[in-house]
$ cat start38.txt   # compact mmCIF, C-alpha atoms
# COMPACT_ATOMS: atom_id res chain seq x y z
CA MET A 66 -0.76 37.38 21.01
CA THR A 67 0.96 35.91 17.95
CA GLU A 68 3.36 32.97 18.13
CA PHE A 69 6.30 35.28 17.42
CA GLU A 70 5.26 37.66 20.22
CA THR A 71 5.20 34.69 22.59
CA LEU A 72 8.69 33.62 21.51
CA LEU A 73 9.87 37.20 21.90
CA GLN A 74 8.71 37.28 25.52
CA TYR A 75 10.83 34.23 26.31
CA ALA A 76 13.81 35.54 24.37
CA ARG A 77 13.69 38.79 26.37
CA LEU A 78 14.03 36.82 29.61
CA VAL A 79 17.19 35.16 28.34
CA VAL A 80 18.66 38.34 26.90
CA HIS A 81 18.42 40.08 30.28
CA GLY A 82 19.29 37.05 32.43
CA PRO A 83 22.68 36.64 34.16
CA SER A 84 25.64 35.55 32.06
CA VAL A 85 27.35 32.42 33.45
CA ARG A 86 29.45 31.47 30.38
CA ARG A 87 27.79 28.16 29.58
CA SER A 88 26.42 26.54 26.45
CA LEU A 89 23.33 26.06 28.65
CA PRO A 90 23.03 29.72 29.62
CA ALA A 91 21.07 31.34 32.35
CA GLY A 92 21.06 34.44 30.16
CA TYR A 93 23.12 36.88 28.11
CA ASP A 94 23.14 39.96 30.36
CA ILE A 95 23.20 42.22 27.31
CA LYS A 96 23.84 45.91 27.91
CA PRO A 97 23.14 48.90 25.64
CA GLY A 98 25.94 49.59 23.19
CA GLU A 99 27.31 46.02 23.15
CA LYS A 100 28.17 44.20 19.95
CA VAL A 101 26.83 40.63 19.65
CA LEU A 102 27.50 37.82 17.16
CA LEU A 103 24.85 35.09 17.02
CA ALA A 104 25.92 31.93 15.14
CA CYS A 105 23.81 28.84 14.41
CA ASP A 106 23.36 26.10 11.84
CA THR A 107 20.45 25.41 9.53
CA PHE A 108 18.83 22.99 11.97
CA GLN A 109 17.99 25.96 14.17
CA ASP A 110 14.37 27.14 14.08
CA MET A 111 14.73 30.56 12.47
CA ALA A 112 11.66 31.90 14.25
CA VAL A 113 13.57 31.36 17.51
CA VAL A 114 16.62 33.10 16.01
CA GLU A 115 14.54 36.08 14.88
CA ALA A 116 13.04 36.40 18.36
CA PHE A 117 16.52 36.57 19.88
CA LEU A 118 17.74 39.07 17.27
CA GLN A 119 14.84 41.40 18.05
CA ALA A 120 15.21 41.01 21.83
CA ILE A 121 18.93 41.80 21.58
CA ARG A 122 18.24 44.92 19.51
CA GLU A 123 15.54 46.00 21.95
CA ALA A 124 18.18 45.79 24.70
CA GLY A 125 20.18 48.42 22.82
CA ALA A 126 22.87 46.14 21.42
CA GLU A 127 24.06 45.63 17.86
CA VAL A 128 23.78 42.04 16.59
CA ASP A 129 25.06 40.18 13.53
CA LEU A 130 23.91 36.73 12.41
CA PHE A 131 26.05 33.89 11.00
CA VAL A 132 24.30 30.75 9.72
CA ALA A 133 26.35 27.65 8.84
CA GLY A 134 25.15 24.78 6.69
CA THR A 135 24.68 21.30 8.17
CA GLY A 136 26.09 19.37 5.25
CA PRO A 137 24.37 17.62 2.32
CA ASN A 138 21.96 15.51 4.41
CA PRO A 139 18.67 17.09 5.50
CA ASP A 140 17.02 16.43 8.81
CA ARG A 141 15.89 12.83 9.19
CA GLU A 142 15.12 10.28 11.85
CA MET A 143 18.25 9.35 13.78
CA ASP A 144 19.94 6.00 13.43
CA GLU A 145 21.92 4.07 16.05
CA LEU A 146 25.28 5.24 14.69
CA ASP A 147 24.60 9.00 14.86
CA GLU A 148 26.12 9.22 18.34
CA VAL A 149 29.37 7.77 16.99
CA ARG A 150 29.36 10.14 14.02
CA ALA A 151 28.67 13.14 16.25
CA PHE A 152 31.19 12.49 19.02
CA MET A 153 33.94 10.32 17.54
CA GLY A 154 36.67 11.25 15.07
CA ASN A 155 38.89 9.11 12.85
CA THR A 156 36.56 6.12 12.85
CA PRO A 157 35.07 4.18 9.88
CA TRP A 158 31.72 5.98 10.24
CA GLY A 159 32.85 9.53 9.49
CA LYS A 160 31.04 12.65 10.64
CA GLU A 161 27.43 13.68 10.17
CA PRO A 162 27.11 16.56 10.01
CA GLU A 163 30.64 17.22 8.81
CA GLU A 164 33.27 18.05 11.44
CA PRO A 165 31.85 21.31 12.89
CA TRP A 166 35.03 22.87 14.19
CA PRO A 167 36.10 24.73 11.00
CA TRP A 168 33.04 26.98 11.05
CA VAL A 169 33.05 27.17 14.83
CA LEU A 170 36.69 28.28 14.79
CA HIS A 171 35.77 30.72 12.04
CA VAL A 172 33.05 32.46 14.05
CA GLU A 173 35.21 32.47 17.19
CA LYS A 174 37.90 34.23 15.17
CA MET A 175 35.28 36.59 13.73
CA ALA A 176 34.13 37.47 17.24
CA ALA A 177 37.69 38.21 18.38
CA GLU A 178 38.75 40.20 15.33
CA GLY A 179 35.42 42.00 15.04
CA GLY A 180 35.50 43.34 18.56
CA TYR A 181 32.34 41.60 19.68
CA ASP A 182 31.40 41.66 23.35
CA LEU A 183 29.43 38.40 23.18
CA LEU A 184 29.34 35.32 20.97
CA ILE A 185 26.16 33.23 21.16
CA ARG A 186 26.70 29.73 19.75
CA GLY A 187 26.31 26.08 20.64
CA ILE A 188 23.70 23.76 22.10
CA GLY A 189 25.96 21.87 24.51
CA GLY A 190 29.50 21.13 25.57
CA PRO A 191 32.29 23.42 26.78
CA THR A 192 33.24 26.84 25.45
CA ARG A 193 36.79 27.97 24.75
CA ASN A 194 38.55 30.62 26.79
CA THR A 195 38.01 33.82 24.83
CA PRO A 196 38.46 37.57 25.37
CA TYR A 197 34.70 38.03 24.88
CA ARG A 198 31.70 36.55 26.69
CA TYR A 199 30.57 33.22 25.24
CA GLU A 200 27.08 31.79 25.73
CA GLY A 201 25.01 29.08 24.07
CA LEU A 202 21.82 28.81 22.05
CA PRO A 203 20.32 25.49 23.18
CA TRP A 204 16.75 26.44 22.27
CA ILE A 205 16.74 24.79 18.86
CA SER A 206 12.95 24.86 18.51
CA ARG A 207 9.94 26.92 19.51
CA GLU A 208 8.83 24.10 21.80
CA LEU A 209 12.07 24.31 23.79
CA LEU A 210 12.21 28.11 24.04
CA ALA A 211 8.57 28.69 25.01
CA SER A 212 8.64 26.38 28.02
CA PRO A 213 8.93 26.46 31.82
CA ALA A 214 12.58 25.40 31.45
CA THR A 215 13.31 28.91 30.12
CA THR A 216 11.31 30.74 32.79
CA PHE A 217 12.54 28.72 35.76
CA PRO A 218 13.90 31.43 38.12
CA TYR A 219 17.68 31.60 37.92
CA GLU A 220 18.01 32.54 41.59
CA LEU A 221 16.18 29.34 42.52
CA TRP A 222 18.10 27.24 40.00
CA ASP A 223 21.37 28.60 41.35
CA LEU A 224 20.48 27.77 44.96
CA LEU A 225 19.37 24.18 44.34
CA GLU A 226 22.56 23.58 42.33
CA ARG A 227 24.70 24.99 45.12
CA LYS A 228 22.94 22.82 47.68
CA ALA A 229 23.65 19.68 45.66
CA TRP A 230 27.19 20.65 44.75
CA SER A 231 28.22 21.86 48.19
CA THR A 232 27.52 18.38 49.57
CA ILE A 233 29.81 16.82 46.97
CA TRP A 234 32.48 19.50 47.35
CA GLN A 235 32.54 19.45 51.16
CA HIS A 236 32.23 15.71 51.74
CA GLY A 237 33.63 14.26 48.53
CA PRO A 238 37.43 14.37 49.02
CA GLY A 239 38.54 10.80 49.69
CA GLY A 240 34.93 9.62 49.79
CA ARG A 241 33.20 6.80 47.91
CA VAL A 242 30.40 7.17 45.39
CA ARG A 243 27.97 4.53 44.19
CA VAL A 244 25.68 5.06 41.19
CA THR A 245 22.84 2.64 40.44
CA ASP A 246 19.90 2.66 38.05
CA PRO A 247 17.04 0.16 37.45
CA GLU A 248 18.19 -0.34 33.83
CA GLY A 249 21.25 -2.19 35.17
CA THR A 250 23.83 0.44 36.09
CA ASP A 251 25.90 -0.20 39.20
CA PHE A 252 29.36 1.36 39.49
CA SER A 253 31.39 2.99 42.24
CA TYR A 254 34.54 5.04 42.69
CA THR A 255 36.70 6.94 45.14
CA MET A 256 36.86 10.71 44.68
CA PRO A 257 40.61 11.56 44.71
CA GLU A 258 41.52 14.43 46.99
CA GLU A 259 43.90 15.80 44.31
CA HIS A 260 40.99 16.80 42.10
CA PHE A 261 39.51 18.98 44.82
CA LYS A 262 42.86 20.73 45.16
CA ASN A 263 43.69 21.11 41.45
CA GLN A 264 40.23 22.42 40.49
CA ARG A 265 40.12 21.81 36.73
CA TYR A 266 37.31 21.84 34.15
CA GLY A 267 34.17 22.40 36.14
CA PHE A 268 35.51 20.78 39.31
CA THR A 269 35.73 23.88 41.50
CA PRO A 270 33.87 25.20 44.55
CA GLU A 271 31.48 26.89 42.08
CA PRO A 272 28.96 24.47 40.50
CA PHE A 273 29.21 23.97 36.74
CA HIS A 274 25.87 25.43 35.73
CA GLY A 275 23.30 22.88 34.54
CA HIS A 276 25.86 20.06 34.43
CA LEU A 277 27.29 19.11 37.82
CA HIS A 278 30.48 17.03 37.50
CA ALA A 279 29.71 14.27 39.98
CA HIS A 280 32.81 12.30 38.93
CA HIS A 281 36.26 13.85 38.78
CA PRO A 282 37.07 15.05 35.23
CA PRO A 283 40.50 14.76 33.56
CA PRO A 284 43.44 14.66 34.20
CA TYR A 285 43.06 10.88 34.24
CA LEU A 286 44.75 9.17 37.19
CA ASP A 287 46.26 5.69 37.18
CA LYS A 288 44.84 5.13 40.66
CA ASP A 289 41.26 5.89 39.51
CA ASP A 290 39.34 2.88 40.83
CA THR A 291 36.01 3.39 39.05
CA GLN A 292 34.54 -0.07 38.61
CA GLY A 293 31.24 -1.65 37.67
CA VAL A 294 28.59 -1.49 34.95
CA VAL A 295 27.01 1.39 33.05
CA ALA A 296 23.82 0.32 31.30
CA GLY A 297 20.95 1.87 29.39
CA THR A 298 19.33 2.52 26.02
CA LEU A 299 19.93 6.22 25.32
CA ASN A 300 22.73 8.60 24.41
CA HIS A 301 22.88 12.21 23.14
CA TRP A 302 22.41 12.06 19.37
CA GLY A 303 21.73 8.46 18.36
CA LEU A 304 18.47 6.60 17.94
CA PRO A 305 17.57 4.83 21.21
CA HIS A 306 19.29 1.46 20.93
CA PRO A 307 18.78 -2.02 22.40
CA HIS A 308 20.00 -2.33 25.97
CA VAL A 309 23.78 -1.88 26.26
CA LYS A 310 26.00 -2.97 29.13
CA VAL A 311 29.39 -1.26 29.44
CA ASN A 312 31.83 -3.00 31.78
CA VAL A 313 34.39 -0.77 33.50
CA ASP A 314 37.48 -1.66 35.54
CA ARG A 315 39.99 0.88 36.93
CA ALA A 316 38.02 3.58 35.07
CA MET A 317 38.60 1.96 31.67
CA VAL A 318 35.92 0.31 29.53
CA GLN A 319 36.86 -3.37 29.24
CA SER A 320 33.96 -4.67 27.17
CA VAL A 321 30.60 -3.65 25.69
CA GLU A 322 27.68 -6.09 25.62
CA GLY A 323 24.59 -5.73 23.46
CA GLY A 324 23.57 -2.26 22.29
CA GLY A 325 22.63 -3.11 18.70
CA GLU A 326 24.56 -1.21 16.04
CA TYR A 327 25.70 1.34 18.65
CA GLY A 328 27.22 -1.38 20.81
CA GLU A 329 28.89 -3.03 17.80
CA ALA A 330 30.48 0.26 16.70
CA TRP A 331 31.66 0.88 20.26
CA ARG A 332 33.28 -2.56 20.35
CA GLN A 333 35.07 -1.86 17.07
CA VAL A 334 36.51 1.45 18.28
CA LEU A 335 37.43 -0.14 21.60
CA GLU A 336 39.50 -2.70 19.67
CA MET A 337 40.99 -0.07 17.33
CA ALA A 338 42.28 2.02 20.23
CA LYS A 339 43.27 -0.65 22.73
CA ASP A 340 47.04 -0.21 22.20
CA ILE A 341 47.07 3.57 21.69
CA HIS A 342 48.52 5.62 24.54
CA TYR A 343 46.87 9.04 24.58
CA PRO A 344 48.93 11.93 26.05
CA GLU A 345 46.72 12.54 29.09
CA TYR A 346 46.14 8.87 29.89
CA PRO A 347 48.10 6.76 32.40
CA ARG A 348 47.89 3.66 30.17
CA PRO A 349 46.78 2.61 26.66
CA GLY A 350 43.14 2.61 25.60
CA LEU A 351 40.56 5.23 24.68
CA PHE A 352 37.45 4.87 26.82
CA PHE A 353 38.22 6.25 30.27
CA LEU A 354 35.06 6.92 32.29
CA TRP A 355 35.26 10.52 33.46
CA GLU A 356 31.89 12.20 32.96
CA VAL A 357 29.10 11.61 35.44
CA ALA A 358 27.10 14.76 34.77
CA VAL A 359 23.96 15.67 36.68
CA GLY A 360 21.11 17.70 35.19
CA THR A 361 19.66 20.33 37.52
CA ASN A 362 16.59 22.00 35.97
CA PRO A 363 13.30 20.28 36.96
CA LYS A 364 11.48 21.79 33.97
CA PHE A 365 13.48 20.30 31.11
CA PHE A 366 11.70 17.60 29.14
CA ARG A 367 11.83 15.29 26.12
CA PRO A 368 10.95 17.23 22.93
CA LYS A 369 8.19 15.93 20.68
CA ASN A 370 10.48 15.33 17.72
CA VAL A 371 13.07 13.61 19.90
CA LEU A 372 13.85 10.92 17.32
CA ARG A 373 14.88 13.49 14.70
CA ARG A 374 18.54 14.21 14.11
CA SER A 375 17.93 17.93 14.72
CA ARG A 376 16.62 17.23 18.23
CA GLY A 377 18.12 14.13 19.80
CA MET A 378 18.02 12.99 23.40
CA VAL A 379 20.56 15.65 24.37
CA TYR A 380 17.97 18.03 25.89
CA GLU A 381 16.32 15.68 28.33
CA ARG A 382 19.68 15.04 30.04
CA LEU A 383 19.36 18.56 31.48
CA ARG A 384 16.36 17.64 33.63
CA SER A 385 17.19 17.55 37.31
CA GLY A 386 18.32 14.15 38.56
CA ILE A 387 19.16 12.65 35.18
CA ILE A 388 22.80 11.57 34.77
CA HIS A 389 24.72 11.15 31.56
CA VAL A 390 27.90 9.11 31.72
CA GLY A 391 30.68 9.89 29.24
CA MET A 392 33.64 7.65 28.40
CA GLY A 393 36.61 8.71 26.24
CA THR A 394 38.48 11.94 25.56
CA ARG A 395 37.14 15.30 26.70
CA ILE A 396 36.16 17.86 24.06
CA LEU A 397 38.84 20.56 23.56
CA ALA A 398 41.39 18.45 25.45
CA GLN A 399 45.04 17.79 24.59
CA SER A 400 44.36 14.16 23.69
CA GLU A 401 41.85 15.17 21.02
CA ASP A 402 44.27 17.62 19.40
CA TRP A 403 46.97 14.93 19.45
CA ALA A 404 44.67 12.24 18.03
CA LYS A 405 43.56 14.48 15.15
CA LYS A 406 47.20 14.97 14.12
CA GLU A 407 48.02 11.28 14.53
CA GLY A 408 44.94 10.11 12.65
CA VAL A 409 43.77 7.83 15.47
CA PRO A 410 40.30 7.57 17.05
CA TYR A 411 39.20 10.15 19.61
CA GLY A 412 36.04 11.37 21.28
CA HIS A 413 33.66 10.10 23.94
CA LEU A 414 30.37 8.20 23.98
CA HIS A 415 27.43 8.46 26.36
CA VAL A 416 24.88 6.41 28.26
CA HIS A 417 21.94 8.19 29.91
CA LEU A 418 20.64 7.17 33.32
CA LEU A 419 17.03 8.27 33.72
CA PHE A 420 16.28 6.96 37.24
CA PRO A 421 19.70 6.97 38.93
CA THR A 422 20.49 6.88 42.62
CA TYR A 423 23.74 8.63 43.52
CA THR A 424 25.06 8.16 47.06
CA LEU A 425 28.23 9.60 48.54
CA THR A 426 29.92 8.15 51.61
CA SER A 427 32.40 10.62 53.03
CA LYS A 428 35.85 9.77 54.33
CA LYS A 429 34.30 10.02 57.81
CA GLY A 430 31.62 7.46 56.96
CA GLU A 431 28.67 9.86 56.56
CA THR A 432 26.23 8.96 53.78
CA PHE A 433 24.53 11.52 51.52
CA THR A 434 21.96 10.77 48.82
CA ILE A 435 22.37 13.39 46.08
CA ILE A 436 19.90 11.74 43.68
CA ASP A 437 17.20 9.30 44.70
CA HIS A 438 15.67 7.25 41.85
CA GLY A 439 16.00 10.16 39.42
CA HIS A 440 15.01 12.87 41.91
CA LEU A 441 17.58 15.54 42.79
CA THR A 442 17.23 15.74 46.56
CA SER A 443 18.28 19.39 46.83
CA LEU A 444 14.80 20.18 45.43
CA ASP A 445 13.54 19.16 48.89
CA ASP A 446 15.96 21.35 50.83
CA PRO A 447 14.09 23.73 53.22
CA ASP A 448 16.08 26.74 51.98
CA VAL A 449 15.20 25.91 48.36
CA ILE A 450 11.51 25.52 49.25
CA ARG A 451 11.59 28.79 51.17
CA LEU A 452 13.09 30.65 48.20
CA ALA A 453 10.60 29.05 45.80
CA GLU A 454 7.79 30.71 47.76
CA LYS A 455 9.10 34.03 46.48
CA PHE A 456 8.18 33.00 42.93
CA GLY A 457 5.02 30.96 43.40
CA ASP A 458 3.81 27.59 44.65
CA PRO A 459 6.92 25.60 45.68
CA LYS A 460 5.21 22.28 44.91
CA GLU A 461 4.62 23.33 41.31
CA LEU A 462 7.91 25.15 40.80
CA LEU A 463 10.09 22.35 42.15
CA LYS A 464 8.16 19.48 40.59
CA GLU A 465 9.75 17.61 37.68
CA ASP A 466 7.41 18.39 34.79
CA TRP A 467 8.54 15.37 32.79
CA ILE A 468 9.00 11.82 34.09
CA PRO A 469 10.50 9.34 31.59
CA ARG A 470 7.97 6.70 30.56
CA ILE A 471 9.57 3.25 30.73
CA PRO A 472 7.63 0.00 31.14
CA GLY A 473 8.67 -1.93 34.20
CA ILE A 474 10.18 1.17 35.83
CA SER A 475 7.75 4.11 35.73
CA LEU A 476 4.88 2.32 33.97
CA PRO A 477 3.32 -1.15 34.21
CA GLY A 478 5.01 -3.73 32.05
CA ASP A 479 8.13 -5.84 31.65
CA TYR A 480 11.28 -3.79 31.02
CA TRP A 481 13.20 -6.63 29.35
CA LYS A 482 10.34 -7.68 27.06
CA ASP A 483 8.47 -4.46 26.37
CA TYR A 484 11.23 -1.85 26.24
CA ALA A 485 14.89 -2.96 26.34
CA PRO A 486 15.00 -4.81 22.97
CA ASP A 487 13.54 -1.85 20.99
CA PRO A 488 13.31 1.41 22.96
CA ALA A 489 13.00 3.54 19.80
CA GLY A 490 9.99 1.53 18.66
CA TRP A 491 8.39 1.84 22.09
CA ILE A 492 8.95 5.63 22.17
CA ARG A 493 7.56 5.95 18.65
CA ARG A 494 4.42 4.00 19.54
CA ASP A 495 4.03 5.88 22.82
CA ARG A 496 4.21 9.22 20.99
CA GLU A 497 1.57 8.06 18.56
CA GLY A 498 -0.78 7.15 21.41
CA GLU A 499 -0.61 3.39 20.90
CA PRO A 500 -0.59 1.05 23.88
CA GLU A 501 2.69 1.20 25.73
CA VAL A 502 2.88 -2.53 26.35

$ encode --input "start38.txt" --output "structure tokens"
Amino acid sequence: MTEFETLLQYARLVVHGPSVRRSLPAGYDIKPGEKVLLACDTFQDMAVVEAFLQAIREAGAEVDLFVAGTGPNPDREMDELDEVRAFMGNTPWGKEPEEPWPWVLHVEKMAAEGGYDLLIRGIGGPTRNTPYRYEGLPWISRELLASPATTFPYELWDLLERKAWSTIWQHGPGGRVRVTDPEGTDFSYTMPEEHFKNQRYGFTPEPFHGHLHAHHPPPYLDKDDTQGVVAGTLNHWGLPHPHVKVNVDRAMVQSVEGGGEYGEAWRQVLEMAKDIHYPEYPRPGLFFLWEVAVGTNPKFFRPKNVLRRSRGMVYERLRSGIIHVGMGTRILAQSEDWAKKEGVPYGHLHVHLLFPTYTLTSKKGETFTIIDHGHLTSLDDPDVIRLAEKFGDPKELLKEDWIPRIPGISLPGDYWKDYAPDPAGWIRRDREGEPEV
């Protein structure tokens, strides 16, 4: 079997999988006679694109391809400021690649005016409300497409997500959450009952596929009591940076310690926006903590070229039990539209938690551990194990295929000496087979 034939097999699974309207799709559910628009940028592996085009045509649908440029800079190793360039607007660092929304808006308009049944675009984040189906294309490389993450049975994935989310949804209203991580994170918050009643942006009885919202999303409440420290060395699109410590009080970032160039840029934007009152916010300031998103697929992993700008750390956050914390404005939200017009900073920044423990204490005093040291506990649920038997060996199916390698946490060594000052250097040496410590 050729490499392309292998990719085609995986693409066929996605093409016929269930459509759940997510940038991390379960599938496209393509039917004969449908009209599909597939849009990507030049960082996308075109062999992966060609496999999807053929699989879509085999399903009896018509498909058109739109490829957008990624700006004047070719792929390169990330630097510590790439996260700021990717997620923040109206800051001194600009955008790299250039602000993507013009071409995204263009293809969304094309899909509407062209009578397409499905638009396939995007590697992460939310999708707009549209008259057509809208799914993502997160498989940016052959390595990511041809992997167990793609073949993990959707029925099983759906059940383990529902098991985790139902605990939060049933016992969360008025309850207390504490999130800790061995890299220094320790914060807690009350889950306001209003959010369970209002049901906005992924906070509904239905789990938000691949990205469980374990903290209430906007609208931001003045009574939000989120307090503590978020700490780590990774984000979505920037080079792993020296250990950063983000101090939060009443859900607002108060100060940022360490973090190398990333931390310094964050401090500058924090100062720039300290007196700005965004429309959705109860008080001035930009960095509200709102995103505590839980990955749910045990088969996601860290790609080989993870330090390249075309890859980033964004994929590994999808592995079950990993949390990414986001602070700032939500993408596609009113505050971002307002800030663009006003010419003031907007956007949100991330910190990844690779070995978090997430505990929920209900209003009645019952305690539930949703994540235990980076392990999503719904993977151990008897119903999940029973369903896994339908597809193979439950121990293999439900095992996390990738465990982050960090000295002093998952490997021998001293975290503060061997890893925290230069995580990118450690990852680079580890990938090259040099001694970890």

$ residues_near_point --input "start38.txt" --point "(23.6, 17.3, 38.5)" --cutoff "12 Å" --atoms "all atoms listed in the file" --output "ChimeraX atom specification"
/A:222-223,225-233,267,272-280,356-363,382-390,418,421-423,435-437,439-444

$ closest_atom_pairs --input "start38.txt" --of "stretch 311-396 of chain A" --to "stretch 143-146 of chain A" --cutoff "6 Å" --atoms "only C-alpha atoms" --output "CSV"
residue,atom,partner,partner_atom,distance
A:Glu326,CA,A:Glu145,CA,5.9
A:Tyr327,CA,A:Glu145,CA,5.3
A:Leu372,CA,A:Met143,CA,5.9
A:Arg373,CA,A:Met143,CA,5.4
A:Arg374,CA,A:Met143,CA,4.9

$ closest_residue --input "start38.txt" --among "A:Arg207, A:Arg470, A:Lys288, A:Arg265" --to "A:Arg494" --atoms "all atoms listed in the file"
A:Arg470

$ atom_distance --input "start38.txt" --atom1 "atom CA of A:Ser320" --atom2 "atom CA of A:Gln399"
25.2 Å

$ closest_residue --input "start38.txt" --among "A:Gly249, A:Ala316, A:Asn300, A:Arg376" --to "A:Tyr480" --atoms "all atoms listed in the file"
A:Gly249

$ residues_around --input "start38.txt" --residues "A:Phe365" --least-positions-apart "5" --cutoff "9 Å" --atoms "all atoms listed in the file" --output "number ranges by chain"
A: 209, 212-215, 380-385, 465-467

$ residues_around --input "start38.txt" --residues "A:Val409" --least-positions-apart "3" --cutoff "10 Å" --atoms "all atoms listed in the file" --output "PyMOL selection string"
chain A and resi 154-156+337-338+341+343+401+403-406

$ residues_around --input "start38.txt" --residues "A:Ala296" --least-positions-apart "5" --cutoff "9 Å" --atoms "all atoms listed in the file" --output "PyMOL selection string"
chain A and resi 246+248-251+308-312+416-418

$ closest_residue --input "start38.txt" --among "A:Leu118, A:Ala104, A:Ala151, A:Ile471" --to "A:Phe131" --atoms "all atoms listed in the file"
A:Ala104

$ closest_residue --input "start38.txt" --among "A:Asp340, A:Lys428, A:Pro203, A:Glu220" --to "A:Glu258" --atoms "only C-alpha atoms"
A:Lys428

$ closest_residue --input "start38.txt" --among "A:Gln74, A:Ser253, A:Gln235, A:Thr269" --to "A:Gln119" --atoms "only C-alpha atoms"
A:Gln74

$ atom_distance --input "start38.txt" --atom1 "atom CA of A:Phe261" --atom2 "atom CA of A:Phe352"
23.0 Å

$ closest_residue --input "start38.txt" --among "A:Tyr181, A:Trp168, A:Trp204, A:Phe217" --to "A:Ala76" --atoms "all atoms listed in the file"
A:Trp204

$ residues_around --input "start38.txt" --residues "stretch 481-486 of chain A" --least-positions-apart "6" --cutoff "9 Å" --atoms "all atoms listed in the file" --output "PyMOL selection string"
chain A and resi 248+297-298+306-309+324-325+471-473+492+501-502

$ residues_around --input "start38.txt" --residues "A:Gly189" --least-positions-apart "6" --cutoff "8 Å" --atoms "all atoms listed in the file" --output "ChimeraX atom specification"
/A:88-89,201,203

$ atom_distance --input "start38.txt" --atom1 "atom CA of A:Ser427" --atom2 "atom CA of A:Pro284"
22.2 Å

$ residues_near_point --input "start38.txt" --point "(14.3, 28.0, 16.6)" --cutoff "8 Å" --atoms "only C-alpha atoms" --output "list of chain:residue names"
A:Gln109, A:Asp110, A:Met111, A:Ala112, A:Val113, A:Val114, A:Trp204, A:Ile205, A:Ser206, A:Arg207, A:Leu210

$ build_atoms --input "start38.txt" --residues "stretch 231-242 of chain A" --atoms "N, CA and C atoms" --output "compact mmCIF listing (two decimals), in the frame of the given file"
# COMPACT_ATOMS: atom_id res chain seq x y z
N SER A 231 27.48 21.62 46.95
CA SER A 231 28.22 21.86 48.19
C SER A 231 28.38 20.56 48.98
N THR A 232 27.40 19.67 48.90
CA THR A 232 27.52 18.38 49.57
C THR A 232 28.66 17.57 48.97
N ILE A 233 28.72 17.55 47.64
CA ILE A 233 29.81 16.82 46.97
C ILE A 233 31.15 17.47 47.27
N TRP A 234 31.21 18.80 47.19
CA TRP A 234 32.48 19.50 47.35
C TRP A 234 33.01 19.39 48.79
N GLN A 235 32.11 19.48 49.76
CA GLN A 235 32.54 19.45 51.16
C GLN A 235 32.86 18.04 51.65
N HIS A 236 32.09 17.06 51.19
CA HIS A 236 32.23 15.71 51.74
C HIS A 236 32.83 14.71 50.76
N GLY A 237 33.11 15.16 49.54
CA GLY A 237 33.63 14.26 48.53
C GLY A 237 35.08 13.84 48.65
N PRO A 238 36.01 14.73 49.05
CA PRO A 238 37.43 14.37 49.02
C PRO A 238 37.72 13.07 49.79
N GLY A 239 38.24 12.08 49.06
CA GLY A 239 38.54 10.80 49.69
C GLY A 239 37.34 9.92 49.93
N GLY A 240 36.14 10.38 49.55
CA GLY A 240 34.93 9.62 49.79
C GLY A 240 34.64 8.62 48.68
N ARG A 241 33.60 7.82 48.88
CA ARG A 241 33.20 6.80 47.91
C ARG A 241 31.81 7.13 47.37
N VAL A 242 31.67 6.95 46.07
CA VAL A 242 30.40 7.17 45.39
C VAL A 242 29.90 5.86 44.80
